[in-house]
$ cat input_29.pdb   # PDB, C-alpha atoms and all ligand atoms
ATOM      1  CA  MET A   1     135.018  24.279  54.566
ATOM      2  CA  PHE A   2     132.752  21.715  53.047
ATOM      3  CA  ASP A   3     129.831  20.158  54.947
ATOM      4  CA  ILE A   4     128.965  16.955  53.105
ATOM      5  CA  HIS A   5     125.845  16.121  55.067
ATOM      6  CA  THR A   6     123.478  18.406  56.886
ATOM      7  CA  HIS A   7     119.770  18.572  57.651
ATOM      8  CA  ASN A   8     120.024  22.293  58.362
ATOM      9  CA  LYS A   9     117.658  23.983  55.931
ATOM     10  CA  LEU A  10     119.247  27.352  56.731
ATOM     11  CA  LEU A  11     122.148  26.209  54.576
ATOM     12  CA  ILE A  12     119.920  25.892  51.525
ATOM     13  CA  HIS A  13     121.863  28.534  49.555
ATOM     14  CA  ASN A  14     125.315  27.519  50.748
ATOM     15  CA  PRO A  15     127.464  26.146  47.915
ATOM     16  CA  ASN A  16     129.701  24.386  50.455
ATOM     17  CA  ALA A  17     127.042  22.223  52.044
ATOM     18  CA  ILE A  18     125.156  19.189  50.802
ATOM     19  CA  VAL A  19     121.709  19.610  52.286
ATOM     20  CA  ASN A  20     119.722  16.436  52.713
ATOM     21  CA  CYS A  21     116.344  16.760  50.976
ATOM     22  CA  ASN A  22     113.055  14.904  50.879
ATOM     23  CA  ALA A  23     111.081  13.953  47.794
ATOM     24  CA  ASP A  24     108.669  16.906  48.140
ATOM     25  CA  ASP A  25     111.282  19.612  48.660
ATOM     26  CA  ASP A  26     111.878  22.416  46.195
ATOM     27  CA  PHE A  27     115.310  21.604  44.809
ATOM     28  CA  SER A  28     115.818  24.700  42.681
ATOM     29  CA  PRO A  29     117.441  26.997  45.314
ATOM     30  CA  HIS A  30     120.060  24.398  46.266
ATOM     31  CA  PRO A  31     123.586  24.640  44.925
ATOM     32  CA  LEU A  32     124.064  21.073  46.215
ATOM     33  CA  PHE A  33     121.712  18.552  47.751
ATOM     34  CA  SER A  34     121.244  14.869  48.389
ATOM     35  CA  LEU A  35     118.076  12.862  48.064
ATOM     36  CA  GLY A  36     117.448   9.481  49.592
ATOM     37  CA  PHE A  37     115.255   7.211  51.660
ATOM     38  CA  HIS A  38     116.340   7.357  55.278
ATOM     39  CA  PRO A  39     116.201   3.900  56.884
ATOM     40  CA  TRP A  40     114.256   5.440  59.791
ATOM     41  CA  ASP A  41     111.457   6.271  57.352
ATOM     42  CA  VAL A  42     111.231   2.796  55.899
ATOM     43  CA  ASP A  43     107.964   1.140  56.873
ATOM     44  CA  ALA A  44     105.676  -1.482  55.370
ATOM     45  CA  MET A  45     104.529   1.093  52.786
ATOM     46  CA  TRP A  46     108.027   2.063  51.681
ATOM     47  CA  GLU A  47     107.425   1.257  48.032
ATOM     48  CA  SER A  48     105.128   4.249  47.535
ATOM     49  CA  GLY A  49     107.790   6.481  49.109
ATOM     50  CA  PHE A  50     110.337   4.981  46.782
ATOM     51  CA  GLU A  51     108.150   5.766  43.767
ATOM     52  CA  LYS A  52     107.926   9.377  44.949
ATOM     53  CA  ILE A  53     111.704   9.591  45.008
ATOM     54  CA  GLU A  54     111.872   8.076  41.531
ATOM     55  CA  GLN A  55     109.393  10.720  40.335
ATOM     56  CA  SER A  56     111.391  13.478  42.028
ATOM     57  CA  LEU A  57     114.521  12.343  40.263
ATOM     58  CA  LEU A  58     112.749  12.468  36.904
ATOM     59  CA  HIS A  59     111.568  15.957  37.767
ATOM     60  CA  ILE A  60     115.094  16.999  38.819
ATOM     61  CA  GLU A  61     116.405  15.650  35.525
ATOM     62  CA  SER A  62     113.758  17.429  33.459
ATOM     63  CA  LYS A  63     114.541  20.730  35.222
ATOM     64  CA  GLY A  64     118.237  20.344  34.435
ATOM     65  CA  LEU A  65     119.136  20.117  38.125
ATOM     66  CA  LEU A  66     120.944  16.784  38.087
ATOM     67  CA  SER A  67     124.348  18.436  38.449
ATOM     68  CA  LYS A  68     123.189  19.863  41.798
ATOM     69  CA  LEU A  69     122.285  16.407  43.053
ATOM     70  CA  ALA A  70     125.552  15.625  44.817
ATOM     71  CA  ALA A  71     124.602  12.212  46.128
ATOM     72  CA  ILE A  72     121.895   9.661  46.756
ATOM     73  CA  GLY A  73     121.437   9.613  50.505
ATOM     74  CA  GLU A  74     121.115   9.218  53.137
ATOM     75  CA  ILE A  75     120.322   5.582  52.636
ATOM     76  CA  GLY A  76     121.361   2.443  54.452
ATOM     77  CA  LEU A  77     120.471   0.161  57.319
ATOM     78  CA  ASP A  78     119.803   0.828  60.987
ATOM     79  CA  LYS A  79     119.319  -2.057  63.385
ATOM     80  CA  ASN A  80     118.165   0.239  66.193
ATOM     81  CA  ARG A  81     115.457   2.172  64.395
ATOM     82  CA  GLY A  82     113.192   2.144  61.360
ATOM     83  CA  GLY A  83     111.311  -0.645  59.651
ATOM     84  CA  SER A  84     112.021  -4.360  59.562
ATOM     85  CA  MET A  85     115.449  -5.407  58.321
ATOM     86  CA  GLN A  86     113.767  -7.009  55.331
ATOM     87  CA  ALA A  87     112.041  -3.766  54.323
ATOM     88  CA  GLN A  88     115.169  -1.700  54.976
ATOM     89  CA  THR A  89     117.260  -4.099  52.921
ATOM     90  CA  ASP A  90     114.822  -4.133  49.985
ATOM     91  CA  CYS A  91     114.605  -0.345  50.020
ATOM     92  CA  PHE A  92     118.368   0.030  50.295
ATOM     93  CA  ARG A  93     118.921  -2.202  47.256
ATOM     94  CA  ARG A  94     116.430  -0.195  45.200
ATOM     95  CA  MET A  95     118.095   3.071  46.265
ATOM     96  CA  LEU A  96     121.479   1.724  45.186
ATOM     97  CA  GLY A  97     119.856   1.038  41.834
ATOM     98  CA  LEU A  98     118.888   4.712  41.588
ATOM     99  CA  ALA A  99     122.426   5.818  42.487
ATOM    100  CA  ASP A 100     123.646   3.583  39.691
ATOM    101  CA  ARG A 101     121.089   4.900  37.216
ATOM    102  CA  TYR A 102     122.122   8.505  37.867
ATOM    103  CA  ALA A 103     125.814   7.707  38.470
ATOM    104  CA  LYS A 104     125.843   9.389  41.885
ATOM    105  CA  PRO A 105     127.877   8.633  45.029
ATOM    106  CA  VAL A 106     125.945   7.442  48.058
ATOM    107  CA  ILE A 107     125.875   8.815  51.597
ATOM    108  CA  LEU A 108     125.371   5.889  53.915
ATOM    109  CA  HIS A 109     123.613   5.707  57.236
ATOM    110  CA  CYS A 110     124.849   2.567  58.943
ATOM    111  CA  VAL A 111     124.021   1.537  62.491
ATOM    112  CA  LYS A 112     125.233  -1.889  63.610
ATOM    113  CA  ALA A 113     124.932  -3.202  60.071
ATOM    114  CA  VAL A 114     128.366  -2.906  58.462
ATOM    115  CA  ASP A 115     128.550  -6.575  57.453
ATOM    116  CA  GLU A 116     125.069  -6.509  55.923
ATOM    117  CA  ILE A 117     125.845  -3.320  54.010
ATOM    118  CA  LEU A 118     129.143  -4.669  52.694
ATOM    119  CA  LEU A 119     127.391  -7.827  51.537
ATOM    120  CA  ILE A 120     124.681  -5.879  49.696
ATOM    121  CA  LEU A 121     127.143  -3.478  48.047
ATOM    122  CA  ASN A 122     129.021  -6.527  46.849
ATOM    123  CA  GLU A 123     125.947  -8.381  45.618
ATOM    124  CA  GLU A 124     124.733  -5.292  43.784
ATOM    125  CA  ASN A 125     128.181  -4.803  42.218
ATOM    126  CA  PHE A 126     128.045  -1.225  43.388
ATOM    127  CA  SER A 127     131.138   0.579  42.158
ATOM    128  CA  LEU A 128     130.399   4.298  42.713
ATOM    129  CA  PRO A 129     131.880   6.178  45.701
ATOM    130  CA  VAL A 130     130.385   5.193  49.062
ATOM    131  CA  VAL A 131     130.628   7.452  52.111
ATOM    132  CA  PHE A 132     129.887   6.088  55.577
ATOM    133  CA  HIS A 133     128.532   9.212  57.208
ATOM    134  CA  GLY A 134     128.650  10.100  60.908
ATOM    135  CA  PHE A 135     131.444   7.606  61.382
ATOM    136  CA  ARG A 136     132.248   6.979  65.052
ATOM    137  CA  GLY A 137     133.791   3.545  64.677
ATOM    138  CA  LYS A 138     137.059   2.319  66.057
ATOM    139  CA  PRO A 139     140.292   2.286  64.031
ATOM    140  CA  GLU A 140     139.912  -1.422  63.183
ATOM    141  CA  GLN A 141     136.622  -0.752  61.456
ATOM    142  CA  ALA A 142     137.923   2.425  59.818
ATOM    143  CA  ARG A 143     140.856   0.451  58.440
ATOM    144  CA  GLN A 144     138.554  -2.288  57.143
ATOM    145  CA  LEU A 145     136.361   0.207  55.261
ATOM    146  CA  LEU A 146     139.225   2.345  53.979
ATOM    147  CA  ASN A 147     140.980  -0.757  52.685
ATOM    148  CA  LYS A 148     137.897  -1.497  50.616
ATOM    149  CA  GLY A 149     138.038   1.965  49.073
ATOM    150  CA  PHE A 150     135.177   3.546  51.021
ATOM    151  CA  TYR A 151     135.087   7.114  52.318
ATOM    152  CA  LEU A 152     134.390   8.095  55.936
ATOM    153  CA  SER A 153     132.672  11.265  57.073
ATOM    154  CA  PHE A 154     132.989  12.597  60.612
ATOM    155  CA  GLY A 155     130.791  14.855  62.717
ATOM    156  CA  PRO A 156     131.676  16.510  66.037
ATOM    157  CA  LYS A 157     132.132  13.157  67.796
ATOM    158  CA  PHE A 158     134.720  10.771  66.419
ATOM    159  CA  ASN A 159     137.581   8.469  67.269
ATOM    160  CA  ASP A 160     140.864  10.372  66.859
ATOM    161  CA  GLU A 161     142.716   7.385  65.470
ATOM    162  CA  SER A 162     139.981   6.650  62.930
ATOM    163  CA  ILE A 163     139.912  10.199  61.578
ATOM    164  CA  LYS A 164     143.697  10.132  61.191
ATOM    165  CA  LEU A 165     143.500   6.915  59.189
ATOM    166  CA  ALA A 166     140.810   8.348  56.919
ATOM    167  CA  TYR A 167     142.742  11.568  56.380
ATOM    168  CA  GLU A 168     145.954   9.719  55.572
ATOM    169  CA  ALA A 169     144.002   7.627  53.062
ATOM    170  CA  LYS A 170     142.687  10.898  51.547
ATOM    171  CA  ARG A 171     139.150   9.639  52.068
ATOM    172  CA  MET A 172     137.930  11.840  54.923
ATOM    173  CA  PHE A 173     134.966  14.195  54.939
ATOM    174  CA  LEU A 174     133.409  16.365  57.637
ATOM    175  CA  GLU A 175     129.749  17.059  58.319
ATOM    176  CA  THR A 176     127.292  18.565  60.765
ATOM    177  CA  ASP A 177     124.353  16.161  60.129
ATOM    178  CA  ASP A 178     121.587  17.128  62.591
ATOM    179  CA  SER A 179     123.865  18.520  65.292
ATOM    180  CA  ARG A 180     123.718  22.157  66.300
ATOM    181  CA  VAL A 181     127.404  22.819  65.878
ATOM    182  CA  GLY A 182     128.647  24.615  62.790
ATOM    183  CA  ILE A 183     130.958  23.054  60.236
ATOM    184  CA  GLU A 184     133.695  25.467  61.407
ATOM    185  CA  ASP A 185     133.579  23.756  64.799
ATOM    186  CA  VAL A 186     133.855  20.318  63.234
ATOM    187  CA  TYR A 187     136.871  21.478  61.204
ATOM    188  CA  GLU A 188     138.362  22.868  64.407
ATOM    189  CA  LEU A 189     137.937  19.523  66.201
ATOM    190  CA  ALA A 190     139.281  17.595  63.218
ATOM    191  CA  GLY A 191     142.260  19.950  62.974
ATOM    192  CA  LYS A 192     143.112  19.263  66.598
ATOM    193  CA  ALA A 193     142.945  15.501  66.093
ATOM    194  CA  LEU A 194     144.986  15.706  62.891
ATOM    195  CA  SER A 195     147.454  18.255  64.325
ATOM    196  CA  ILE A 196     146.947  20.611  61.391
ATOM    197  CA  SER A 197     145.300  23.964  60.959
ATOM    198  CA  PRO A 198     141.571  23.649  60.157
ATOM    199  CA  THR A 199     142.094  25.830  57.096
ATOM    200  CA  ASP A 200     144.673  23.367  55.746
ATOM    201  CA  ILE A 201     142.279  20.410  55.826
ATOM    202  CA  SER A 202     141.439  19.212  52.350
ATOM    203  CA  VAL A 203     138.717  16.792  51.313
ATOM    204  CA  PRO A 204     138.300  14.696  48.151
ATOM    205  CA  GLY A 205     136.350  16.157  45.238
ATOM    206  CA  ILE A 206     133.865  13.368  44.573
ATOM    207  CA  PHE A 207     130.730  15.480  45.066
ATOM    208  CA  THR A 208     131.426  18.314  42.721
ATOM    209  CA  SER A 209     131.779  18.016  39.001
TER     210      SER A 209
HETATM  211 ZN    ZN B   1     121.688  12.646  58.490
END

$ encode --input "input_29.pdb" --output "structure tokens" --more "lines below"
Ligand SMILES: [Zn+2]
Amino acid sequence: MFDIHTHNKLLIHNPNAIVNCNADDDFSPHPLFSLGFHPWDVDAMWESGFEKIEQSLLHIESKGLLSKLAAIGEIGLDKNRGGSMQAQTDCFRRMLGLADRYAKPVILHCVKAVDEILLILNEENFSLPVVFHGFRGKPEQARQLLNKGFYLSFGPKFNDESIKLAYEAKRMFLETDDSRVGIEDVYELAGKALSISPTDISVPGIFTS
């Protein structure tokens, strides 16, 4: 059972979880981690935070830990929280540049900003795997994103029809994010929706080399 996005630091040694880290974290104990600039943290001073992430990535590279960096994330846009849309957009574009530089997939946080995100991904010619995390959208939106080749990741709350579409497209992931439920519970819920045993659920291998 693979948890592609969690903030639970207790999972720091778990090889089947991508733990979301900050620029000042110690990356060495992690079998897998992601590093990004959460849109909630974007403020008027975001550029200094961005430079810290750039420095962290150089440090990760110099320590030979790049293979443990599973993804750049979470990054994205949130119309309900965080800094101005202009700042979030500028930061998001720069973070996509880092994903490109290190050839890493991205884990996307997207709240009410699908059109904006699609436009930016297009303008930036971003061609690495993109995962919309915590996806709770309706089947129409799931279909739209899957048709464009994107991946969808689901937590404990999801639309049954959407998860089926993503699984059929072989572009479904599961995650715990900041919820208190375990990944086993999310697999259980997904198994019910997909009418298969949780242990038979398979996910794509984009995060592991
Ligand atoms: Zn998260």

$ closest_residue --input "input_29.pdb" --among "A:Val130, A:Ile60, A:Ile72, A:Met45" --to "Ile18 in chain A" --atoms "only C-alpha atoms"
A:Ile72

$ residues_around --input "input_29.pdb" --residues "range 23-35 of chain A" --least-positions-apart "3" --cutoff "8 Å" --atoms "only C-alpha atoms" --output "short mmCIF file (atom, residue, chain, number, x, y, z; two decimals) with C-alpha atoms, in the frame of the given file"
data_model
loop_
_atom_site.label_atom_id
_atom_site.label_comp_id
_atom_site.auth_asym_id
_atom_site.auth_seq_id
_atom_site.Cartn_x
_atom_site.Cartn_y
_atom_site.Cartn_z
CA ILE A 12 119.92 25.89 51.52
CA HIS A 13 121.86 28.53 49.56
CA ASN A 14 125.32 27.52 50.75
CA PRO A 15 127.46 26.15 47.92
CA ASN A 16 129.70 24.39 50.46
CA ALA A 17 127.04 22.22 52.04
CA ILE A 18 125.16 19.19 50.80
CA VAL A 19 121.71 19.61 52.29
CA ASN A 20 119.72 16.44 52.71
CA LYS A 52 107.93 9.38 44.95
CA ILE A 53 111.70 9.59 45.01
CA SER A 56 111.39 13.48 42.03
CA ILE A 60 115.09 17.00 38.82
CA LEU A 65 119.14 20.12 38.12
CA LYS A 68 123.19 19.86 41.80
CA LEU A 69 122.28 16.41 43.05
CA ALA A 70 125.55 15.62 44.82
CA ALA A 71 124.60 12.21 46.13
CA ILE A 72 121.90 9.66 46.76
CA GLY A 73 121.44 9.61 50.50
CA GLU A 74 121.12 9.22 53.14
#

$ resolve_selection --input "input_29.pdb" --expression "the PyMOL selection byres (((chain A and resi 91-95) around 10) and not hetatm)" --output "PyMOL selection string"
chain A and resi 35-39+42-43+46-47+49-50+53-54+72-77+85-90+96-101+106+108+117+120-121+123-124+126

$ write_last_selection --input "input_29.pdb" --atoms "C-alpha atoms" --output "mmCIF file, in the coordinates of the input"
data_model
loop_
_atom_site.group_PDB
_atom_site.id
_atom_site.type_symbol
_atom_site.label_atom_id
_atom_site.label_comp_id
_atom_site.auth_asym_id
_atom_site.auth_seq_id
_atom_site.Cartn_x
_atom_site.Cartn_y
_atom_site.Cartn_z
ATOM 1 C CA LEU A 35 118.076 12.862 48.064
ATOM 2 C CA GLY A 36 117.448 9.481 49.592
ATOM 3 C CA PHE A 37 115.255 7.211 51.660
ATOM 4 C CA HIS A 38 116.340 7.357 55.278
ATOM 5 C CA PRO A 39 116.201 3.900 56.884
ATOM 6 C CA VAL A 42 111.231 2.796 55.899
ATOM 7 C CA ASP A 43 107.964 1.140 56.873
ATOM 8 C CA TRP A 46 108.027 2.063 51.681
ATOM 9 C CA GLU A 47 107.425 1.257 48.032
ATOM 10 C CA GLY A 49 107.790 6.481 49.109
ATOM 11 C CA PHE A 50 110.337 4.981 46.782
ATOM 12 C CA ILE A 53 111.704 9.591 45.008
ATOM 13 C CA GLU A 54 111.872 8.076 41.531
ATOM 14 C CA ILE A 72 121.895 9.661 46.756
ATOM 15 C CA GLY A 73 121.437 9.613 50.505
ATOM 16 C CA GLU A 74 121.115 9.218 53.137
ATOM 17 C CA ILE A 75 120.322 5.582 52.636
ATOM 18 C CA GLY A 76 121.361 2.443 54.452
ATOM 19 C CA LEU A 77 120.471 0.161 57.319
ATOM 20 C CA MET A 85 115.449 -5.407 58.321
ATOM 21 C CA GLN A 86 113.767 -7.009 55.331
ATOM 22 C CA ALA A 87 112.041 -3.766 54.323
ATOM 23 C CA GLN A 88 115.169 -1.700 54.976
ATOM 24 C CA THR A 89 117.260 -4.099 52.921
ATOM 25 C CA ASP A 90 114.822 -4.133 49.985
ATOM 26 C CA LEU A 96 121.479 1.724 45.186
ATOM 27 C CA GLY A 97 119.856 1.038 41.834
ATOM 28 C CA LEU A 98 118.888 4.712 41.588
ATOM 29 C CA ALA A 99 122.426 5.818 42.487
ATOM 30 C CA ASP A 100 123.646 3.583 39.691
ATOM 31 C CA ARG A 101 121.089 4.900 37.216
ATOM 32 C CA VAL A 106 125.945 7.442 48.058
ATOM 33 C CA LEU A 108 125.371 5.889 53.915
ATOM 34 C CA ILE A 117 125.845 -3.320 54.010
ATOM 35 C CA ILE A 120 124.681 -5.879 49.696
ATOM 36 C CA LEU A 121 127.143 -3.478 48.047
ATOM 37 C CA GLU A 123 125.947 -8.381 45.618
ATOM 38 C CA GLU A 124 124.733 -5.292 43.784
ATOM 39 C CA PHE A 126 128.045 -1.225 43.388
#

$ closest_residue --input "input_29.pdb" --among "A:Glu175, A:Ala169, A:Gly83, A:Phe150" --to "ligand ZN 1 (chain B)" --atoms "all atoms listed in the file"
A:Glu175

$ axis_aligned_box --input "input_29.pdb" --around "range 89-103 of chain A" --padding-each-side "8 Å" --output "JSON"
{"center_x": 120.2, "center_y": 2.2, "center_z": 45.1, "size_x": 27.2, "size_y": 28.6, "size_z": 31.7}

$ residues_around --input "input_29.pdb" --residues "range 78-80 of chain A" --least-positions-apart "6" --cutoff "6 Å" --atoms "all atoms listed in the file" --output "ChimeraX atom specification"
/A:110-112

$ residues_near_ligand --input "input_29.pdb" --ligand "ligand ZN 1 (chain B)" --cutoff "7 Å" --atoms "all atoms listed in the file" --output "VMD selection string"
chain A and resid 5 to 7 74 177 to 178

$ atom_distance --input "input_29.pdb" --atom1 "CA of Arg143 in chain A" --atom2 "CA of Phe207 in chain A"
22.5 Å

$ closest_atom_pairs --input "input_29.pdb" --of "range 115-140 of chain A" --to "range 189-206 of chain A" --cutoff "12 Å" --atoms "only C-alpha atoms" --output "JSON lines"
{"residue": "A:Leu128", "atom": "CA", "partner": "A:Ile206", "partner_atom": "CA", "distance": 9.9}
{"residue": "A:Pro129", "atom": "CA", "partner": "A:Ile206", "partner_atom": "CA", "distance": 7.5}
{"residue": "A:Val130", "atom": "CA", "partner": "A:Ile206", "partner_atom": "CA", "distance": 10.0}
{"residue": "A:Val131", "atom": "CA", "partner": "A:Ile206", "partner_atom": "CA", "distance": 10.1}

$ resolve_selection --input "input_29.pdb" --expression "the PyMOL selection byres (((chain A and resi 173) around 6) and not hetatm)" --output "ChimeraX atom specification"
/A:153,172,174,203
